[in-house]
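Asks: I have a structure here, written as structure tokens, and I will follow up with some questions on it.
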There are 2 protein chains.
Amino acid sequence: MLQIFFAHINKFTEISEEEFSEIIIYFEIRKLGKKEILMEAGSVCNQHFFVLTGCLQMYYANEKGAEQTLQFALENWWLTDNLAFLQQRKTEFCIQAVENSEVLCIDFQKQELLLNNFPKMERYYRNVFEKAAGAAQMRVKYIFDYSKEEMFFTFRDQYPEFIQRVPQYLIASFLGLTPEYLSEIKSKRLS
Amino acid sequence: MLQIFFAHINKFTEISEEEFSEIIIYFEIRKLGKKEILMEAGSVCNQHFFVLTGCLQMYYANEKGAEQTLQFALENWWLTDNLAFLQQRKTEFCIQAVENSEVLCIDFQKQELLLNNFPKMERYYRNVFEKAAGAAQMRVKYIFDYSKEEMFFTFRDQYPEFIQRVPQYLIASFLGLTPEYLSEIKSKRLS
């Protein structure tokens with residue numbers, strides 16, 4: 001199971017199995033049931049999560065009280081409220097398991113220690129965040145370019161597996177639609 | 001002028017003046033006139049820009065042919081199409097100077113070399129991208145939370161200087177509004 005993390009680190013920097021066995025000590029493995037909460041809105045964001053198996057969702061309650069999903073994280077993705085984590089302050093977001101999941105957790109102090117003791121890991125995290133910043137640029141572009149209807153079909157075509165895995169009401173919450181409206185879009189396209 | 005870059009690096013990692021004098025060799029300084037183009041859509045994204053003075057804008061032409069602004073970068077901000085830069089492929093975006101500006105440019109190969117020769121700089125870039133990823137999460141939240149009208153007033157309240165500096169049609173293009181609609185919003189609020 002940890003092999004997936006070892007392989008992910010080695011995509012960006014070179015570490016030996018021996019180094020990995022020292023690095024992994026900084027992390028805690030957590031097994032989560034479906035819908036289990038990992039981070040609560042209003043708490044200090046002190047954890048950074050790496051998905052080994054399963055899927056996480058980061059969301060907040062918008063003004064209307066509906067859940068707005070900001071991000072999903074599947075295997076090999078990191079997830080947290082990055083600004084709150086960096087500044088060690090309260091987050092407005094929740095993180096929850098979408099399905100049964102196994103995640104690695106590291107807290108801010110341990111991550112700092114890890115980076116001080118294994119400077120090679122700076123290269124790894126730099127790449128992770130560089131990709132995350134790039135993905136976010138593209139997400140903003142998609143939000144501007146596509147109507148919510150087009151967004152759903154583009155998303156479905158690009159990530160067919162994802163649409164299979166994740167409940168429809170969460171896809172709706174990611175796209176900023178009501179579940180009812182998403183059903184309507186889908187049935188309109190089929191008819 | 002370069003002092004601003006030295007100070008910015010030292011916010012996140014420790015480098016001496018001597019090291020800085022070696023690091024700066026990897027960069028090229030460019031002076032840009034207002035509206036000068038730094039990166040063209042359709043070209044391979046090979047440059048990463050740091051703003052010393054002035055302001056850059058990254059945008060693309062949307063389906064209607066209008067300029068949609070994805071990001072601005074003021075002093076101390078980095079800017080590029082992060083995914084295209086990482087993968088050394090063609091970008092869909094343009095980068096242009098909003099006002100007379102001075103920027104540091106580094107190409108992909110030199111940045112890799114810099115990071116290999118000065119591993120301390122990994123820590124610097126990791127922090128830069130971590131903040132960028134966090135800022136992008138908040139941007140997506142704002143896009144979902146606010147109407148375009150509210151977005152303008154929130155933006156104006158948070159960045160009053162920015163609204164002074166940047167022409168109104170560019171603010172409109174950042175918020176996804178037509179300049180006419182932005183004028184209307186502003187006059188409505190004043191009346």
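Going by the structure tokens order, chains are called A, B, ..., each with residues numbered from 1, while ligands are numbered from 1 in the order shown.
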Would you list which chain A residues are within 10 Å of chain B using only C-alpha atoms, as an mmCIF file with N, CA, C and O atoms, in the first residue's frame?
Replies:
```cif
data_model
loop_
_atom_site.group_PDB
_atom_site.id
_atom_site.type_symbol
_atom_site.label_atom_id
_atom_site.label_comp_id
_atom_site.auth_asym_id
_atom_site.auth_seq_id
_atom_site.Cartn_x
_atom_site.Cartn_y
_atom_site.Cartn_z
ATOM 1 N N TYR A 59 -14.841 20.616 0.899
ATOM 2 C CA TYR A 59 -16.030 21.421 0.601
ATOM 3 C C TYR A 59 -16.277 22.436 1.703
ATOM 4 O O TYR A 59 -15.632 22.407 2.744
ATOM 5 N N TYR A 60 -17.201 23.336 1.436
ATOM 6 C CA TYR A 60 -17.658 24.260 2.469
ATOM 7 C C TYR A 60 -19.154 24.464 2.279
ATOM 8 O O TYR A 60 -19.700 24.154 1.221
ATOM 9 N N ASN A 62 -21.996 26.844 1.534
ATOM 10 C CA ASN A 62 -22.147 28.194 0.977
ATOM 11 C C ASN A 62 -23.290 28.938 1.674
ATOM 12 O O ASN A 62 -23.933 28.399 2.586
ATOM 13 N N GLU A 63 -23.524 30.180 1.239
ATOM 14 C CA GLU A 63 -24.514 31.034 1.925
ATOM 15 C C GLU A 63 -25.889 30.397 2.019
ATOM 16 O O GLU A 63 -26.629 30.637 2.964
ATOM 17 N N LYS A 64 -26.216 29.593 0.989
ATOM 18 C CA LYS A 64 -27.543 28.956 0.985
ATOM 19 C C LYS A 64 -27.547 27.681 1.830
ATOM 20 O O LYS A 64 -28.525 26.952 1.867
ATOM 21 N N GLN A 68 -20.627 23.194 -1.212
ATOM 22 C CA GLN A 68 -19.915 23.488 -2.460
ATOM 23 C C GLN A 68 -18.578 22.758 -2.397
ATOM 24 O O GLN A 68 -17.779 23.003 -1.493
ATOM 25 N N THR A 69 -18.354 21.839 -3.335
ATOM 26 C CA THR A 69 -17.097 21.082 -3.362
ATOM 27 C C THR A 69 -16.033 21.882 -4.088
ATOM 28 O O THR A 69 -16.246 22.341 -5.199
ATOM 29 N N LEU A 70 -14.882 22.061 -3.426
ATOM 30 C CA LEU A 70 -13.780 22.785 -4.058
ATOM 31 C C LEU A 70 -12.857 21.845 -4.809
ATOM 32 O O LEU A 70 -12.363 22.169 -5.872
ATOM 33 N N GLN A 71 -12.603 20.669 -4.219
ATOM 34 C CA GLN A 71 -11.648 19.753 -4.823
ATOM 35 C C GLN A 71 -11.942 18.324 -4.430
ATOM 36 O O GLN A 71 -12.435 18.074 -3.324
ATOM 37 N N THR A 80 -5.281 19.630 1.105
ATOM 38 C CA THR A 80 -5.516 20.393 2.326
ATOM 39 C C THR A 80 -5.963 21.803 1.927
ATOM 40 O O THR A 80 -6.003 22.114 0.725
ATOM 41 N N ASP A 81 -6.287 22.636 2.890
ATOM 42 C CA ASP A 81 -6.516 24.063 2.645
ATOM 43 C C ASP A 81 -5.119 24.684 2.690
ATOM 44 O O ASP A 81 -4.581 24.962 3.760
ATOM 45 N N ASN A 82 -4.516 24.877 1.522
ATOM 46 C CA ASN A 82 -3.087 25.205 1.472
ATOM 47 C C ASN A 82 -2.712 26.492 2.219
ATOM 48 O O ASN A 82 -1.699 26.525 2.910
ATOM 49 N N LEU A 83 -3.509 27.539 2.073
ATOM 50 C CA LEU A 83 -3.151 28.802 2.744
ATOM 51 C C LEU A 83 -3.276 28.672 4.258
ATOM 52 O O LEU A 83 -2.401 29.118 5.000
ATOM 53 N N ALA A 84 -4.362 28.041 4.708
ATOM 54 C CA ALA A 84 -4.563 27.881 6.154
ATOM 55 C C ALA A 84 -3.465 26.992 6.744
ATOM 56 O O ALA A 84 -2.964 27.251 7.843
ATOM 57 N N PHE A 85 -3.064 25.959 6.001
ATOM 58 C CA PHE A 85 -2.002 25.046 6.456
ATOM 59 C C PHE A 85 -0.680 25.814 6.583
ATOM 60 O O PHE A 85 -0.009 25.740 7.621
ATOM 61 N N LEU A 86 -0.359 26.578 5.555
ATOM 62 C CA LEU A 86 0.895 27.342 5.546
ATOM 63 C C LEU A 86 0.947 28.340 6.697
ATOM 64 O O LEU A 86 1.983 28.561 7.304
ATOM 65 N N GLN A 87 -0.203 28.967 6.964
ATOM 66 C CA GLN A 87 -0.235 30.017 7.992
ATOM 67 C C GLN A 87 -0.689 29.483 9.345
ATOM 68 O O GLN A 87 -0.819 30.250 10.294
ATOM 69 N N LEU A 115 11.117 18.121 6.050
ATOM 70 C CA LEU A 115 11.791 18.901 5.011
ATOM 71 C C LEU A 115 13.177 19.350 5.457
ATOM 72 O O LEU A 115 14.101 19.424 4.649
ATOM 73 N N ASN A 116 13.318 19.628 6.746
ATOM 74 C CA ASN A 116 14.646 19.987 7.252
ATOM 75 C C ASN A 116 15.594 18.794 7.244
ATOM 76 O O ASN A 116 16.765 18.925 6.912
ATOM 77 N N PRO A 119 16.089 17.277 2.825
ATOM 78 C CA PRO A 119 15.891 18.391 1.885
ATOM 79 C C PRO A 119 15.472 17.921 0.476
ATOM 80 O O PRO A 119 14.850 18.687 -0.267
ATOM 81 N N LYS A 120 15.768 16.680 0.126
ATOM 82 C CA LYS A 120 15.311 16.134 -1.165
ATOM 83 C C LYS A 120 13.800 16.216 -1.303
ATOM 84 O O LYS A 120 13.276 16.259 -2.412
ATOM 85 N N MET A 121 13.120 16.156 -0.163
ATOM 86 C CA MET A 121 11.658 16.185 -0.191
ATOM 87 C C MET A 121 11.119 17.561 -0.604
ATOM 88 O O MET A 121 9.967 17.676 -1.007
ATOM 89 N N GLU A 122 11.964 18.603 -0.487
ATOM 90 C CA GLU A 122 11.551 19.920 -0.986
ATOM 91 C C GLU A 122 11.255 19.838 -2.479
ATOM 92 O O GLU A 122 10.301 20.431 -2.969
ATOM 93 N N ARG A 123 12.095 19.110 -3.212
ATOM 94 C CA ARG A 123 11.905 18.960 -4.657
ATOM 95 C C ARG A 123 10.584 18.246 -4.951
ATOM 96 O O ARG A 123 9.843 18.620 -5.857
ATOM 97 N N TYR A 124 10.325 17.214 -4.153
ATOM 98 C CA TYR A 124 9.071 16.475 -4.316
ATOM 99 C C TYR A 124 7.870 17.396 -4.103
ATOM 100 O O TYR A 124 6.993 17.513 -4.963
ATOM 101 N N TYR A 125 7.831 18.085 -2.977
ATOM 102 C CA TYR A 125 6.692 18.964 -2.686
ATOM 103 C C TYR A 125 6.612 20.135 -3.673
ATOM 104 O O TYR A 125 5.531 20.580 -4.026
ATOM 105 N N ARG A 126 7.762 20.640 -4.102
ATOM 106 C CA ARG A 126 7.746 21.733 -5.084
ATOM 107 C C ARG A 126 6.988 21.276 -6.341
ATOM 108 O O ARG A 126 6.128 21.973 -6.861
ATOM 109 N N ASN A 127 7.293 20.068 -6.802
ATOM 110 C CA ASN A 127 6.601 19.533 -7.974
ATOM 111 C C ASN A 127 5.110 19.327 -7.725
ATOM 112 O O ASN A 127 4.284 19.621 -8.590
ATOM 113 N N VAL A 128 4.789 18.807 -6.548
ATOM 114 C CA VAL A 128 3.379 18.571 -6.198
ATOM 115 C C VAL A 128 2.600 19.888 -6.254
ATOM 116 O O VAL A 128 1.525 19.975 -6.858
ATOM 117 N N PHE A 129 3.149 20.939 -5.651
ATOM 118 C CA PHE A 129 2.445 22.225 -5.611
ATOM 119 C C PHE A 129 2.458 22.934 -6.967
ATOM 120 O O PHE A 129 1.525 23.656 -7.300
ATOM 121 N N GLU A 130 3.538 22.730 -7.730
ATOM 122 C CA GLU A 130 3.616 23.346 -9.065
ATOM 123 C C GLU A 130 2.480 22.775 -9.926
ATOM 124 O O GLU A 130 1.770 23.510 -10.619
ATOM 125 N N LYS A 131 2.294 21.450 -9.843
ATOM 126 C CA LYS A 131 1.202 20.807 -10.586
ATOM 127 C C LYS A 131 -0.159 21.277 -10.070
ATOM 128 O O LYS A 131 -1.086 21.514 -10.854
ATOM 129 N N ALA A 132 -0.280 21.399 -8.759
ATOM 130 C CA ALA A 132 -1.559 21.829 -8.173
ATOM 131 C C ALA A 132 -1.898 23.256 -8.617
ATOM 132 O O ALA A 132 -3.048 23.555 -8.962
ATOM 133 N N ALA A 133 -0.872 24.134 -8.636
ATOM 134 C CA ALA A 133 -1.101 25.513 -9.068
ATOM 135 C C ALA A 133 -1.508 25.539 -10.543
ATOM 136 O O ALA A 133 -2.403 26.295 -10.946
ATOM 137 N N GLY A 134 -0.879 24.675 -11.349
ATOM 138 C CA GLY A 134 -1.218 24.597 -12.773
ATOM 139 C C GLY A 134 -2.629 24.064 -12.988
ATOM 140 O O GLY A 134 -3.389 24.588 -13.805
ATOM 141 N N ALA A 135 -2.987 23.017 -12.246
ATOM 142 C CA ALA A 135 -4.322 22.433 -12.373
ATOM 143 C C ALA A 135 -5.378 23.471 -11.992
ATOM 144 O O ALA A 135 -6.436 23.564 -12.620
ATOM 145 N N ALA A 136 -5.067 24.281 -10.979
ATOM 146 C CA ALA A 136 -6.018 25.309 -10.532
ATOM 147 C C ALA A 136 -6.186 26.394 -11.602
ATOM 148 O O ALA A 136 -7.290 26.900 -11.814
ATOM 149 N N GLN A 137 -5.100 26.747 -12.307
ATOM 150 C CA GLN A 137 -5.217 27.721 -13.409
ATOM 151 C C GLN A 137 -6.185 27.187 -14.465
ATOM 152 O O GLN A 137 -7.055 27.907 -14.966
ATOM 153 N N MET A 138 -6.041 25.898 -14.796
ATOM 154 C CA MET A 138 -6.914 25.307 -15.813
ATOM 155 C C MET A 138 -8.358 25.238 -15.312
ATOM 156 O O MET A 138 -9.291 25.434 -16.077
ATOM 157 N N ARG A 139 -8.526 24.980 -14.004
ATOM 158 C CA ARG A 139 -9.891 24.911 -13.465
ATOM 159 C C ARG A 139 -10.596 26.254 -13.626
ATOM 160 O O ARG A 139 -11.746 26.313 -14.033
ATOM 161 N N VAL A 140 -9.867 27.351 -13.313
ATOM 162 C CA VAL A 140 -10.460 28.684 -13.462
ATOM 163 C C VAL A 140 -10.811 28.922 -14.938
ATOM 164 O O VAL A 140 -11.893 29.418 -15.261
ATOM 165 N N LYS A 141 -9.917 28.507 -15.833
ATOM 166 C CA LYS A 141 -10.202 28.654 -17.274
ATOM 167 C C LYS A 141 -11.499 27.906 -17.636
ATOM 168 O O LYS A 141 -12.359 28.445 -18.337
ATOM 169 N N ILE A 143 -13.993 27.111 -15.713
ATOM 170 C CA ILE A 143 -15.170 27.758 -15.119
ATOM 171 C C ILE A 143 -15.615 28.940 -15.993
ATOM 172 O O ILE A 143 -16.797 29.158 -16.201
ATOM 173 N N PHE A 144 -14.622 29.674 -16.536
ATOM 174 C CA PHE A 144 -14.983 30.805 -17.401
ATOM 175 C C PHE A 144 -15.476 30.340 -18.773
ATOM 176 O O PHE A 144 -16.364 30.948 -19.359
ATOM 177 N N ASP A 145 -14.884 29.270 -19.294
ATOM 178 C CA ASP A 145 -15.162 28.874 -20.680
ATOM 179 C C ASP A 145 -16.471 28.128 -20.865
ATOM 180 O O ASP A 145 -17.099 28.236 -21.909
ATOM 181 N N TYR A 146 -16.822 27.322 -19.892
ATOM 182 C CA TYR A 146 -17.933 26.418 -20.115
ATOM 183 C C TYR A 146 -19.158 26.809 -19.307
ATOM 184 O O TYR A 146 -19.041 27.240 -18.156
ATOM 185 N N LEU A 175 -19.484 20.992 -9.501
ATOM 186 C CA LEU A 175 -19.724 21.857 -10.666
ATOM 187 C C LEU A 175 -20.561 23.089 -10.310
ATOM 188 O O LEU A 175 -20.739 23.973 -11.133
ATOM 189 N N GLY A 176 -21.045 23.139 -9.067
ATOM 190 C CA GLY A 176 -21.862 24.292 -8.651
ATOM 191 C C GLY A 176 -23.293 24.195 -9.153
ATOM 192 O O GLY A 176 -23.941 25.199 -9.421
#
```
Asks: For Phe162 in chain B, find every residue with an atom within 12 Å (counting only C-alpha atoms), except residues of its own chain fewer than 2 positions away, and show them as a VMD selection string.
Replies: chain B and resid 54 to 55 72 to 75 98 152 155 to 160 164 to 168 170 to 171
Asks: Between CA of Met151 in chain A and CA of Tyr181 in chain B, what distance in Å does the model show, to one decimal?
Replies: 24.6 Å
Asks: What residues in range 80-165 of chain B get the DSSP label alpha helix (DSSP H)? Please answer as a ChimeraX atom specification.
Replies: /B:82-87,108-117,120-145,148-158,160-165
